[in-house]
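*Asks:* Structure file final_26.tsv (TSV, C-alpha atoms) right here:
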chain	number	residue	atom	x	y	z
B	43	MET	CA	127.68	69.81	39.39
B	44	THR	CA	124.81	69.03	41.71
B	45	ASP	CA	127.13	68.99	44.72
B	46	GLN	CA	127.63	72.70	44.14
B	47	ALA	CA	123.92	73.39	44.16
B	48	THR	CA	122.04	75.33	46.73
B	49	PHE	CA	118.48	74.56	47.56
B	50	ASP	CA	117.75	78.00	48.96
B	51	LEU	CA	116.13	80.45	46.55
B	52	GLY	CA	117.65	83.38	48.39
B	53	SER	CA	121.27	82.34	47.94
B	54	ILE	CA	121.87	80.67	44.61
B	55	ARG	CA	125.52	79.79	44.24
B	56	PRO	CA	127.86	80.09	41.27
B	57	GLY	CA	127.86	77.32	38.73
B	58	THR	CA	124.21	76.32	38.89
B	59	HIS	CA	122.10	75.71	35.80
B	60	VAL	CA	118.42	75.44	36.55
B	61	CYS	CA	115.35	74.69	34.47
B	62	PHE	CA	112.18	76.47	35.55
B	63	ILE	CA	108.93	75.31	33.98
B	64	TYR	CA	106.17	77.65	35.12
B	65	ASP	CA	102.48	77.92	34.42
B	66	SER	CA	101.65	81.47	35.46
B	67	ALA	CA	103.28	84.89	35.26
B	68	ASP	CA	102.78	85.40	38.99
B	69	GLN	CA	104.54	82.15	39.78
B	70	ARG	CA	107.41	83.18	37.57
B	71	LEU	CA	107.81	86.63	39.06
B	72	ASP	CA	107.59	85.35	42.62
B	73	ALA	CA	110.28	82.69	42.22
B	74	LEU	CA	112.63	84.77	40.08
B	75	GLY	CA	112.12	87.76	42.30
B	76	ARG	CA	113.36	85.87	45.33
B	77	ILE	CA	116.39	84.60	43.49
B	78	MET	CA	117.34	87.93	41.91
B	79	ALA	CA	116.88	89.78	45.20
B	80	GLY	CA	119.19	87.28	46.88
B	81	VAL	CA	121.82	87.65	44.17
B	82	LEU	CA	121.75	91.45	44.28
B	83	ARG	CA	121.81	91.67	48.07
B	84	GLY	CA	124.72	89.21	48.06
B	85	GLY	CA	126.87	91.49	45.93
B	86	GLY	CA	126.22	89.75	42.62
B	87	SER	CA	124.82	90.88	39.30
B	88	THR	CA	121.66	89.91	37.46
B	89	THR	CA	120.97	90.06	33.75
B	90	TYR	CA	117.39	89.31	32.74
B	91	PHE	CA	116.64	88.39	29.12
B	92	ALA	CA	112.98	89.29	28.69
B	93	CYS	CA	110.54	88.33	25.98
B	94	ASP	CA	107.32	89.84	27.27
B	95	SER	CA	108.02	90.91	30.83
B	96	ASP	CA	108.08	94.60	31.59
B	97	LEU	CA	111.27	96.13	33.03
B	98	ASP	CA	109.32	98.38	35.39
B	99	VAL	CA	107.28	95.47	36.73
B	100	ILE	CA	110.44	93.49	37.48
B	101	ARG	CA	112.13	96.48	39.04
B	102	ASP	CA	109.10	97.31	41.18
B	103	HIS	CA	108.88	93.73	42.35
B	104	LEU	CA	112.54	93.72	43.37
B	105	GLY	CA	112.08	97.03	45.13
B	106	GLN	CA	109.21	95.52	47.12
B	107	ARG	CA	111.57	92.71	48.10
B	108	GLY	CA	113.88	95.28	49.66
B	109	VAL	CA	116.52	95.54	46.97
B	110	PRO	CA	118.06	99.05	47.18
B	111	LEU	CA	117.38	101.28	44.18
B	112	ASP	CA	121.04	101.80	43.46
B	113	LEU	CA	121.43	98.06	42.81
B	114	LEU	CA	118.60	98.09	40.26
B	115	ALA	CA	120.74	99.64	37.54
B	116	GLU	CA	123.78	98.69	35.54
B	117	PRO	CA	126.26	97.17	36.14
B	118	THR	CA	124.50	95.11	38.85
B	119	PHE	CA	121.09	94.81	37.17
B	120	ALA	CA	120.11	94.82	33.50
B	121	VAL	CA	117.12	93.77	31.47
B	122	LYS	CA	117.73	92.97	27.82
B	123	SER	CA	115.53	91.81	24.98
B	124	ALA	CA	115.69	88.02	24.84
B	125	ARG	CA	114.94	88.01	21.12
B	126	GLU	CA	117.79	90.42	20.42
B	127	VAL	CA	120.20	88.42	22.54
B	128	TYR	CA	119.22	84.88	21.54
B	129	THR	CA	118.04	85.41	17.97
B	130	PRO	CA	119.65	88.45	16.39
B	131	GLY	CA	118.66	88.64	12.77
B	132	GLY	CA	115.88	86.12	13.42
B	133	ARG	CA	118.17	83.11	13.88
B	134	PHE	CA	119.41	81.19	16.91
B	135	ASP	CA	123.13	80.42	16.74
B	136	ARG	CA	124.16	78.09	19.55
B	137	ASP	CA	127.90	78.77	19.43
B	138	ARG	CA	127.45	82.52	19.22
B	139	MET	CA	125.13	82.43	22.23
B	140	LEU	CA	127.55	80.33	24.27
B	141	GLN	CA	130.32	82.84	23.51
B	142	GLN	CA	127.99	85.65	24.57
B	143	LEU	CA	127.58	83.92	27.92
B	144	ARG	CA	131.33	83.55	28.34
B	145	ASP	CA	131.86	87.21	27.50
B	146	ALA	CA	129.01	88.37	29.73
B	147	TYR	CA	130.39	86.32	32.60
B	148	ALA	CA	133.84	87.89	32.17
B	149	ARG	CA	132.31	91.35	32.21
B	150	GLY	CA	130.25	90.48	35.25
B	151	ARG	CA	133.23	89.16	37.20
B	152	ALA	CA	135.05	92.39	36.48
B	153	GLU	CA	132.20	94.37	38.04
B	154	VAL	CA	131.05	92.34	41.06
B	155	ASP	CA	132.43	89.94	43.64
B	156	GLY	CA	129.25	87.93	44.06
B	157	THR	CA	127.35	85.58	41.78
B	158	VAL	CA	127.02	86.50	38.12
B	159	PHE	CA	123.45	85.46	37.39
B	160	PHE	CA	121.58	85.21	34.10
B	161	THR	CA	117.98	84.32	33.56
B	162	GLY	CA	116.20	84.13	30.26
B	163	GLU	CA	112.60	83.88	29.15
B	164	MET	CA	112.69	81.21	26.47
B	165	GLU	CA	109.37	81.85	24.69
B	166	TRP	CA	111.34	82.90	21.61
B	167	ALA	CA	112.25	79.21	21.19
B	168	ALA	CA	108.58	78.27	20.83
B	169	GLU	CA	108.22	80.10	17.52
B	170	PRO	CA	107.65	77.45	14.88
B	171	GLY	CA	110.08	77.55	11.99
B	172	LEU	CA	112.64	79.71	13.81
B	173	PRO	CA	116.02	79.01	12.17
B	174	GLY	CA	118.38	77.33	14.63
B	175	ARG	CA	115.58	76.30	16.99
B	176	GLU	CA	116.52	72.67	16.50
B	177	HIS	CA	119.76	73.34	18.41
B	178	LEU	CA	117.99	74.45	21.58
B	179	VAL	CA	118.49	71.24	23.56
B	180	ALA	CA	122.12	70.92	22.43
B	181	TYR	CA	122.63	74.52	23.53
B	182	GLU	CA	121.22	73.81	26.97
B	183	GLN	CA	123.50	70.79	27.28
B	184	ALA	CA	126.51	72.83	26.20
B	185	VAL	CA	125.80	75.46	28.88
B	186	ASN	CA	126.74	72.80	31.46
B	187	THR	CA	130.19	72.54	29.89
B	188	VAL	CA	130.69	76.31	29.72
B	189	ILE	CA	129.71	76.68	33.38
B	190	ARG	CA	132.66	74.51	34.43
B	191	THR	CA	135.10	77.20	33.31
B	192	HIS	CA	132.78	80.20	33.59
B	193	PRO	CA	130.78	79.53	36.77
B	194	PHE	CA	127.83	81.86	36.28
B	195	SER	CA	124.43	80.83	37.54
B	196	ALA	CA	121.54	80.56	35.14
B	197	ILE	CA	117.85	79.89	35.27
B	198	CYS	CA	116.10	79.09	32.00
B	199	GLN	CA	112.42	79.96	32.12
B	200	TYR	CA	110.06	77.82	30.07
B	201	ASP	CA	106.38	78.65	29.80
B	202	ALA	CA	104.65	75.28	30.13
B	203	ALA	CA	101.84	76.43	27.84
B	204	ALA	CA	104.17	77.34	24.98
B	205	PHE	CA	106.10	74.10	24.48
B	206	ASP	CA	105.01	70.55	23.74
B	207	GLY	CA	105.52	67.91	26.42
B	208	GLU	CA	108.16	65.87	24.63
B	209	LEU	CA	110.39	68.88	23.95
B	210	LEU	CA	110.00	70.01	27.55
B	211	PHE	CA	111.20	66.61	28.68
B	212	GLU	CA	114.32	66.86	26.50
B	213	ILE	CA	114.93	70.34	27.87
B	214	VAL	CA	114.55	69.05	31.42
B	215	LYS	CA	117.15	66.35	30.78
B	216	ALA	CA	119.69	69.02	29.86
B	217	HIS	CA	119.52	70.72	33.28
B	218	PRO	CA	121.15	69.41	36.47
B	219	LEU	CA	118.61	71.25	38.61
B	220	MET	CA	114.91	72.05	38.50
B	221	LEU	CA	112.98	74.89	40.08
B	222	VAL	CA	109.69	73.43	41.17
B	223	ARG	CA	107.20	75.18	43.45
B	224	ASN	CA	109.85	77.56	44.79
B	225	GLN	CA	112.30	74.78	45.54
B	226	ILE	CA	115.48	73.97	43.66
B	227	LEU	CA	115.72	70.23	43.30
B	228	ALA	CA	118.37	67.91	41.95
B	229	ASN	CA	117.15	66.58	38.63
B	230	PRO	CA	117.36	62.79	38.44
B	231	TYR	CA	116.70	62.94	34.69
B	232	TYR	CA	119.79	65.04	34.05
B	233	VAL	CA	122.07	63.65	31.35
B	234	GLY	CA	125.52	65.23	31.48
B	235	PRO	CA	127.36	66.59	28.43
B	236	PRO	CA	128.78	63.92	26.07
B	237	GLU	CA	132.37	64.73	26.95
B	238	ALA	CA	131.71	63.76	30.55
B	239	ALA	CA	132.36	60.17	29.51
B	240	ASN	CA	136.00	61.07	28.90
B	241	SER	CA	136.49	63.20	31.97
B	242	ASP	CA	138.01	62.35	35.32
B	243	ASP	CA	134.48	61.81	36.58
B	244	ALA	CA	133.94	58.85	34.26
B	245	CYS	CA	133.66	55.38	35.77
B	246	PRO	CA	136.35	52.88	34.69
B	247	CYS	CA	133.67	50.56	33.35
B	248	GLY	CA	132.69	53.26	30.84
B	249	GLU	CA	129.03	53.36	31.86
B	250	THR	CA	127.05	56.25	33.25
B	251	HIS	CA	125.79	55.79	36.78
B	252	GLY	CA	123.63	57.48	39.36
B	253	LEU	CA	124.95	60.26	41.51
B	254	ASP	CA	126.31	58.15	44.34
B	255	HIS	CA	127.52	55.12	42.46
B	256	ALA	CA	130.64	53.40	43.76
B	257	HIS	CA	132.11	50.99	41.28
B	258	ALA	CA	133.03	47.67	42.84
L	216	MET	CA	123.10	52.60	29.93
L	217	ALA	CA	119.59	51.87	31.17
L	218	SER	CA	120.57	48.27	31.88
L	219	ILE	CA	122.50	49.24	34.98
L	220	MET	CA	120.26	52.01	36.23
L	221	ARG	CA	119.76	51.37	39.88
L	222	MET	CA	116.32	51.07	41.43
L	223	PRO	CA	116.70	54.23	43.58
L	224	ASP	CA	117.61	56.16	40.41
L	225	VAL	CA	114.50	54.91	38.63
L	226	ALA	CA	112.36	55.60	41.68
L	227	SER	CA	113.68	59.15	42.06
L	228	ARG	CA	113.06	59.82	38.38
L	229	LEU	CA	109.50	58.59	38.60
L	230	LEU	CA	108.92	60.64	41.74
L	231	MET	CA	110.17	63.72	39.95
L	232	LEU	CA	107.80	62.97	37.08
L	233	ALA	CA	104.86	63.06	39.48
L	234	VAL	CA	106.04	66.43	40.77
L	235	MET	CA	106.74	67.98	37.39
L	236	VAL	CA	103.51	67.12	35.62
L	237	ARG	CA	101.72	69.49	37.98
L	238	SER	CA	103.37	72.37	36.11
L	239	LEU	CA	102.02	71.26	32.74
L	240	PRO	CA	98.62	72.86	32.22
L	241	GLY	CA	97.47	71.15	29.06
L	242	ARG	CA	96.46	67.51	28.73
L	243	PRO	CA	98.52	66.95	25.53
L	244	GLN	CA	101.65	68.22	27.28
L	245	PHE	CA	100.90	66.10	30.33
L	246	GLU	CA	100.53	63.04	28.13
L	247	ALA	CA	103.62	63.68	26.00
L	248	PHE	CA	105.84	64.53	28.96
L	249	ALA	CA	104.74	61.53	31.00
L	250	ALA	CA	105.18	59.22	28.01
L	251	ALA	CA	108.70	60.50	27.40
L	252	ALA	CA	109.58	59.95	31.05
L	253	LEU	CA	108.10	56.45	31.15
L	254	ARG	CA	110.20	55.48	28.14
L	255	GLU	CA	113.23	56.00	30.36
L	256	VAL	CA	112.26	53.14	32.65
L	257	PRO	CA	114.55	50.15	32.01
L	258	GLY	CA	112.89	47.60	29.77
L	259	VAL	CA	110.30	50.00	28.36
L	260	ALA	CA	110.57	50.48	24.61
L	261	GLU	CA	107.50	52.64	24.02
L	262	ALA	CA	104.92	54.45	26.10
L	263	ARG	CA	101.62	56.16	25.36
L	264	VAL	CA	99.65	58.11	27.91
L	265	HIS	CA	95.94	58.80	27.51
L	266	GLY	CA	94.86	61.29	30.13
L	267	GLN	CA	91.14	61.10	29.55
L	268	THR	CA	88.40	58.54	29.53
L	269	VAL	CA	87.14	57.52	26.11
L	270	LEU	CA	84.10	55.53	25.10
L	271	GLU	CA	86.09	53.21	22.89
L	272	ARG	CA	89.63	52.48	23.86
L	273	PRO	CA	92.07	51.72	21.05
L	274	ALA	CA	92.84	48.05	20.71
L	275	LEU	CA	95.99	46.93	22.46
L	276	ALA	CA	98.64	45.67	20.04
L	277	ARG	CA	100.65	42.55	20.79
L	278	GLY	CA	103.51	43.12	23.15
L	279	TRP	CA	101.85	46.05	24.89
L	280	THR	CA	100.49	46.20	28.42
L	281	ARG	CA	97.71	48.55	29.51
L	282	TYR	CA	97.51	50.17	32.92
L	283	ASP	CA	94.48	52.15	34.02
L	284	LEU	CA	94.95	55.53	35.63
L	285	VAL	CA	92.66	55.05	38.58
L	286	SER	CA	92.18	57.17	41.65
L	287	GLY	CA	90.27	55.97	44.67
L	288	CYS	CA	86.95	56.32	42.90
L	289	GLU	CA	87.31	56.90	39.20
L	290	THR	CA	89.29	56.05	36.08
L	291	PHE	CA	90.88	59.02	34.35
L	292	GLY	CA	92.60	57.37	31.43
L	293	PHE	CA	95.19	54.71	30.74
L	294	VAL	CA	98.83	54.14	29.91
L	295	ASP	CA	100.09	51.64	27.36
L	296	LEU	CA	103.64	50.36	27.69
L	297	ARG	CA	105.54	48.16	25.29
L	298	ILE	CA	107.93	46.18	27.47
L	299	ALA	CA	110.88	45.08	25.37
L	300	ASP	CA	112.70	43.40	28.25
L	301	ALA	CA	110.47	42.01	30.99
L	302	GLY	CA	113.45	41.04	33.12
L	303	LEU	CA	114.75	44.61	33.17
L	304	PHE	CA	111.31	46.05	33.80
L	305	ALA	CA	110.23	43.65	36.56
L	306	PRO	CA	112.14	45.28	39.49
L	307	HIS	CA	110.55	48.62	38.65
L	308	THR	CA	106.94	47.48	38.32
L	309	GLY	CA	106.00	48.70	41.78
L	310	ASP	CA	107.52	52.14	41.26
L	311	VAL	CA	105.85	52.48	37.88
L	312	GLN	CA	102.50	51.52	39.37
L	313	ASN	CA	103.01	54.04	42.15
L	314	VAL	CA	103.70	56.87	39.75
L	315	LEU	CA	100.72	55.90	37.61
L	316	ASN	CA	98.58	56.23	40.73
L	317	LEU	CA	100.07	59.68	41.30
L	318	LEU	CA	99.34	60.64	37.69
L	319	ALA	CA	95.75	59.51	38.22
L	320	HIS	CA	95.51	61.68	41.32
L	321	GLU	CA	96.82	64.63	39.37
L	322	LEU	CA	94.18	64.09	36.67
L	323	GLU	CA	91.56	63.83	39.41
L	324	ARG	CA	92.77	67.08	40.93
L	325	ARG	CA	92.47	68.81	37.57
L	326	ALA	CA	88.99	67.41	36.99
L	327	THR	CA	87.90	68.63	40.43
L	328	LEU	CA	89.31	72.09	39.76
L	329	ALA	CA	87.55	72.20	36.41
L	330	CYS	CA	84.24	71.32	38.11
L	331	LEU	CA	84.77	73.99	40.74
L	332	GLU	CA	85.56	76.57	38.09
L	333	GLU	CA	82.47	75.64	36.12
L	334	ALA	CA	80.32	75.89	39.24
L	335	HIS	CA	81.89	79.23	40.12
L	336	GLU	CA	81.19	80.60	36.64
L	337	ALA	CA	77.60	79.38	36.77
L	338	LEU	CA	77.14	81.08	40.15
L	339	ALA	CA	78.67	84.29	38.83
L	340	ARG	CA	76.31	84.28	35.84
L	341	ARG	CA	73.33	83.63	38.08
L	342	HIS	CA	74.42	86.43	40.39
L	343	GLU	CA	74.69	88.84	37.46
L	344	ASP	CA	71.26	87.82	36.29
L	345	LEU	CA	69.77	88.46	39.72
L	346	GLU	CA	71.52	91.82	39.99
L	347	ARG	CA	70.08	92.78	36.63
L	348	ARG	CA	66.57	91.82	37.68
L	349	ILE	CA	66.88	93.82	40.89
L	350	GLY	CA	68.09	96.78	38.88
L	351	ASP	CA	65.14	96.50	36.54
L	352	ARG	CA	62.77	96.45	39.50
L	353	ASP	CA	64.18	99.76	40.75
L	354	GLU	CA	62.56	101.41	37.75
L	355	PRO	CA	58.87	102.28	38.46
L	356	PRO	CA	56.36	100.56	36.17
L	357	PRO	CA	55.30	102.61	33.11
L	358	MET	CA	51.83	103.48	34.50
L	359	LEU	CA	53.28	104.95	37.67
L	360	ARG	CA	55.83	106.95	35.67
L	361	GLN	CA	53.00	108.58	33.73
L	362	SER	CA	51.02	109.52	36.83
L	363	VAL	CA	54.09	111.15	38.43
L	364	ARG	CA	54.31	113.55	35.50
As a first step, turn the structure in this file into structure tokens.

*Replies:*
Amino acid sequence: MTDQATFDLGSIRPGTHVCFIYDSADQRLDALGRIMAGVLRGGGSTTYFACDSDLDVIRDHLGQRGVPLDLLAEPTFAVKSAREVYTPGGRFDRDRMLQQLRDAYARGRAEVDGTVFFTGEMEWAAEPGLPGREHLVAYEQAVNTVIRTHPFSAICQYDAAAFDGELLFEIVKAHPLMLVRNQILANPYYVGPPEAANSDDACPCGETHGLDHAHA
Amino acid sequence: MASIMRMPDVASRLLMLAVMVRSLPGRPQFEAFAAAALREVPGVAEARVHGQTVLERPALARGWTRYDLVSGCETFGFVDLRIADAGLFAPHTGDVQNVLNLLAHELERRATLACLEEAHEALARRHEDLERRIGDRDEPPPMLRQSVR
């Protein structure tokens, strides 16, 4: 998956799954703004799942980045409540959410020729005792499998102040790419989905190797 | 799986750790994240990161190795590693030491920023105090106010 990645914030390509750990709202808006503007100008669509961010603030920011007003409305641009999307009825259901992504991708492909892009604020997952929260990391891992057949691009936004360090590390391991200081980097900690061991990409010796391993 | 992790893979992981900890604002997150990443180094069974200096360090249990987090001039904490397989760990010692130095530099950077912020706040308070005193002096003393009437 990393060979499909782009390292340019302005032209994120289909099939990229990125983890973004940020420590300020300004940092978040700046990085996501560049990416969303690039997607919209490139003929794609953006769906933003917001916890606390204001729709008008996001829209104004994109307008300042030169995105035409007519692109800042459905079907090319939408802002939805992250809590309503991820945790309807107060519970996170991994399989339901993965199906939502598949369906949303299909709808997006019917509307635009460019990249279908999703980005979600994940603060909802920091709520202690949230039913289904324990499936968060497995969900992130499963997104990598879904992307193979439904090549949307996704950036998962994690507020560094809201999550403990060990959980953040597990979350990082589930993403092939990281957004760090406005650069998209290949993630050397990435652990592929379990079924990768049985795929054509698996090494004959049955072990998991680094990205450029050549079995003797 | 870790037994055949190549040195460049370990090195790139440790380098990424040094980059990523800069996004973690709190010391507990810094410590937990770094510890989780260090546990991925071949041969390491357990890791604990202490990102602050303490008067009395906890005693080191058997089988553990302690590394100080030292910048050019100061110690900012320590890391304890339990090495379960010294042979696996040995090729990566240099990379681990390098990243520990980078972690120390990050702690130093945070300490410097904290000092600057404290100094800035003290200056701001002093400035407010001076402004208030100047404002009070603009008012004529009571005796003069009476004579003006």

*Asks:* For the interface of chain B with chain L (cut-off 6 Å, counting only C-alpha atoms), please tabulate each contacting residue of chain B alongside its nearest pair of atoms and their separation in Å to one decimal, rows sorted by chain and increasing number, as JSON lines.

*Replies:*
{"residue": "B:Asp65", "atom": "CA", "partner": "L:Ser238", "partner_atom": "CA", "distance": 5.9}
{"residue": "B:Ala202", "atom": "CA", "partner": "L:Leu239", "partner_atom": "CA", "distance": 5.5}
{"residue": "B:Asp206", "atom": "CA", "partner": "L:Gln244", "partner_atom": "CA", "distance": 5.4}
{"residue": "B:Gly207", "atom": "CA", "partner": "L:Gln244", "partner_atom": "CA", "distance": 4.0}
{"residue": "B:Glu208", "atom": "CA", "partner": "L:Phe248", "partner_atom": "CA", "distance": 5.1}
{"residue": "B:Phe211", "atom": "CA", "partner": "L:Phe248", "partner_atom": "CA", "distance": 5.8}
{"residue": "B:Pro230", "atom": "CA", "partner": "L:Arg228", "partner_atom": "CA", "distance": 5.2}

*Asks:* Calculated over all atoms listed in the file, which of the candidates B:Gly84, B:Pro110, B:Gly171, B:Pro218 has the smallest distance to Val154 (chain B)?

*Replies:* B:Gly84

*Asks:* Between CA of Leu253 (chain L) and CA of Ala326 (chain L), what is the distance, to one decimal in Å?

*Replies:* 22.8 Å

*Asks:* So that I can check the surroundings of region 114-122 of chain B, please list as an MDAnalysis selection string every protein, DNA and RNA residue that reaches within 12 Å of it, counting only C-alpha atoms and ignoring chain neighbours fewer than 4 positions away.

*Replies:* chainID B and resid 78:79 81:110 126:128 146 149:163

*Asks:* As an exercise, work out the distance from CA of Gly174 (chain B) to CA of Arg125 (chain B) in Å and give it to one decimal place.

*Replies:*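 Here the two named atoms are 13.0 Å from each other.
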
*Asks:* If you measure from CA of Val233 (chain B) to CA of Lys215 (chain B), what distance in Å do you get, rounded to one decimal?

*Replies:*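 It comes out at 5.6 Å.
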
*Asks:* If we count all atoms listed in the file, what is near Met164 (chain B) at a cut-off of 8 Å, once residues fewer than 3 positions away on the same chain are taken out, given as a list in words?

*Replies:*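 Listing them by chain and then by number gives Cys93, Ala124, Ala167, Ala168, Cys198, Gln199, Tyr200 and Asp201 of chain B.
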
*Asks:* Ranking B:Ile54, B:Ile63, B:Val179, B:Ala204 by minimum distance to Arg223 (chain B) and counting only C-alpha atoms, which one comes first?

*Replies:* B:Ile63

*Asks:* I'd like the neighbourhood of Gly234 (chain B) as JSON, numbers by chain, where a residue qualifies if any of its atoms comes within 8 Å (using all atoms listed in the file), though same-chain residues fewer than 3 positions away should be ignored.

*Replies:* {"B": [183, 186, 216, 218, 238]}
